[in-house]
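Enquirer: What follows is a structure written as structure tokens; I'll ask about it next.
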Amino acid sequence: MRIVILDRRFSHHSAYSGYPQLIERQPSGVEVERLSGWLPRGLPEAAVERLTRRTGHAAYTRESMSYEAAALRHMARSPRAIYHVLYGEDDYHYLARVAPLLRRRGGRLAVSFHQPPDIFDFAVPARSAARILPRLDAALVTTTEQAEHLAHWMDPERIHRVPHGVDVDFFSPSPEPSRANGDHTHLRCITVGMWQRDFVLLEQVMRAAADRALPLRFTVVADEQVATEFGAIPGVDGYNGISDEHLRDLYRESDLLLLPLTQAAANNSLLEGMACGLPVVSSRVGGVAEYLGGTGAGRLVPPFQPEAMLDALCELAAEPRVRAAMGDASRRRALEFDWQLSADALSGVYRALSKTA
């Protein structure tokens, strides 16, 4: 079985995160070839700009076109493979035109999608989705909400949920029996990441906690601007550009993962915090409940309601035994999303596609 990957990488992915983790964990019987971007030499920039704009996709760029062009060139000389676009909202459009020909020549086309429905609709206009989704041999998603949404345009039997994963060996609870910083007078809440974070709500919660002298402290790991701005609020420590090991230490030094969101599908920091044994307080949006499961690992509050989130934090600050039970449940639930289990699920999709070739 031969898989050809459009190997886009994002700067925020670490050695332990990011969708390519699924590819790196494929079994030895799967031959993986990675394609980097390529464009024909001498192709006018005006033509590239025109073709990218014509897609109507918000995230489709020159880089996106280079991945599709590399795949098209590779398909011409080596069609008998499963071609897998790792980031469909960014890099899938023109390949739909050659999908029927690829299928006749023994190849298959699979595309992974990562965004919740409203962001998918912004990135991929409905008129385009109606043209390009039905031509796929397989669409891979991380939540059932995404699967139900894509089923508006394509056969549900060709939509496969492959959960996002986490490295449960690296992201793990502290080996020490108590929190490393030794501060048991305050609830230390950690927030990590940028995408779809509700920073307006987070600031309201932080300032209210400071104004009311509540027993809450906050750690924010984000980009430099956000980390600096929030770090100026009393009771808040901001970090950016830290190592994976430092990030893990911050999770371990915290009492709770605080995840205010505007929307979500799968979420790296949710799974990382759970793997480190943290109870979760999050907005009830998107795929968060699906990943938490009915395990008692977290408290979900309505989105855009800072007082509701603040109330949940204060309640848990006064209940250390409840937090401990939630943290244990959180770790157990995270073990169900070990990267290898998700990679095995992806292998199953590959095997099914190869049998139809």
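Residue numbers start at 1 in each chain; chains themselves are named A, B, ... in the order of the structure tokens; ligands are numbered from 1 in the order shown.
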Kindly provide the residues of stretch 120-215 of chain A that approach stretch 331-338 of chain A to within 12 Å, each paired with its closest atom pair and their distance in Å to one decimal, based on only C-alpha atoms, listed by chain and increasing number, as a Markdown table.
Expert:
| residue | atom | partner | partner_atom | distance |
| --- | --- | --- | --- | --- |
| A:Thr142 | CA | A:Phe337 | CA | 11.3 |
| A:Val162 | CA | A:Phe337 | CA | 10.1 |
| A:Pro163 | CA | A:Phe337 | CA | 7.1 |
| A:His164 | CA | A:Phe337 | CA | 6.9 |
| A:Gly165 | CA | A:Phe337 | CA | 4.8 |
| A:Val166 | CA | A:Asp338 | CA | 5.3 |
| A:Asp167 | CA | A:Asp338 | CA | 5.9 |
| A:Val168 | CA | A:Asp338 | CA | 5.9 |
| A:Asp169 | CA | A:Asp338 | CA | 8.7 |
| A:Phe170 | CA | A:Asp338 | CA | 10.8 |
| A:Phe171 | CA | A:Ala334 | CA | 9.8 |
| A:Ser172 | CA | A:Arg331 | CA | 7.9 |
| A:Pro173 | CA | A:Arg331 | CA | 8.0 |
| A:Ser174 | CA | A:Arg331 | CA | 11.7 |
Enquirer: To test your reading of the structure, identify every residue in stretch 238-344 of chain A that backbone DSSP assigns to strand (DSSP E), and report it as a VMD selection string.
Expert: chain A and resid 238 to 239 256 to 259 280 to 283 298 to 301
Enquirer: Give me, please, the distance in Å between atom CA of A:Val288 and atom CA of A:Glu229, quoted to one decimal.
Expert: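 Spanning atom CA of A:Val288 to atom CA of A:Glu229 is a straight-line distance of 26.8 Å.
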Enquirer: Find the spatial neighbours of A:Ala318, counting only C-alpha atoms, within a cut-off of 12 Å - ignore same-chain residues fewer than 3 positions away - and output them as a count of residues only.
Expert: 16
Enquirer: Which residue out of A:Val205, A:Val192, A:Leu43, A:Ala110 has the minimum interatomic distance to A:Val141 when only C-alpha atoms are used?
Expert: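 Smallest separation from A:Val141 among the options: A:Ala110.
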Enquirer: Using only C-alpha atoms for the distances, tell me which of A:Leu270, A:Val4, A:Val48, A:Ala96 is nearest to A:Ile23.
Expert: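 Result for the nearest residue to A:Ile23: A:Val4.
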Enquirer: Counting only C-alpha atoms, which of A:Cys189, A:Val98, A:Leu86, A:Val124 gets nearest to A:Asp237?
Expert: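 When distances to A:Asp237 are compared using only C-alpha atoms, the smallest one comes from A:Cys189.
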Enquirer: With distances taken over only C-alpha atoms, which of A:Ala317, A:Ala209, A:Leu259, A:Ile119 is nearest to A:Gly235?
Expert: A:Ala209
Enquirer: Measuring between only C-alpha atoms, which one of A:Ala227, A:Ala289, A:Ala46, A:Cys276 shows the shortest distance to A:Thr144?
Expert: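 Under the stated criterion, the closest residue is A:Ala289.
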Enquirer: Of the candidates A:Leu72, A:His149, A:Pro20, A:His12, which shows the shortest atom-to-atom distance to A:Trp339, using only C-alpha atoms?
Expert: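 With only C-alpha atoms as the atom set, the closest residue is A:Pro20.
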Enquirer: Could you list, as a list in words, every residue within 8 Å of A:Gly107, counting only C-alpha atoms and ignoring same-chain residues fewer than 2 positions away?
Expert: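 Listed by chain and then number, they are Pro79, Arg80, Ala81, Ile82, Tyr83, Leu102, Arg103, Arg104, Arg105, Leu109 and Ala357 of chain A.
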Enquirer: Among stretch 208-284 of chain A, which residues does DSSP mark as helix (DSSP H, G or I) when it is run on the backbone? Keep the chain and numbering as in the structure and answer as a list of chain:residue names.
Expert: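 Listing helix (DSSP H, G or I) positions across stretch 208-284 of chain A yields A:Ala208, A:Ala209, A:Ala210, A:Asp211, A:Glu224, A:Gln225, A:Val226, A:Ala227, A:Thr228, A:Glu229, A:Phe230, A:Gly231, A:Asp244, A:Glu245, A:His246, A:Leu247, A:Arg248, A:Asp249, A:Leu250, A:Tyr251, A:Arg252, A:Asn268, A:Ser269, A:Leu270, A:Leu271, A:Glu272, A:Gly273, A:Met274, A:Ala275.
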Enquirer: Near A:Gln146, counting only C-alpha atoms, which residues have an atom at most 10 Å away, once you skip same-chain residues fewer than 3 positions from it, shown as a ChimeraX atom specification?
Expert: /A:113-118,120,140-143,149-151,159,161,265,286-287
Enquirer: For the atom pair atom CA of A:Tyr87 and atom CA of A:Ser64, what is the interatomic distance in Å to one decimal place?
Expert: 9.6 Å
Enquirer: Could you tell me how far atom CA of A:Asn268 sits from atom CA of A:Ser17, in Å to one decimal place?
Expert: 7.1 Å
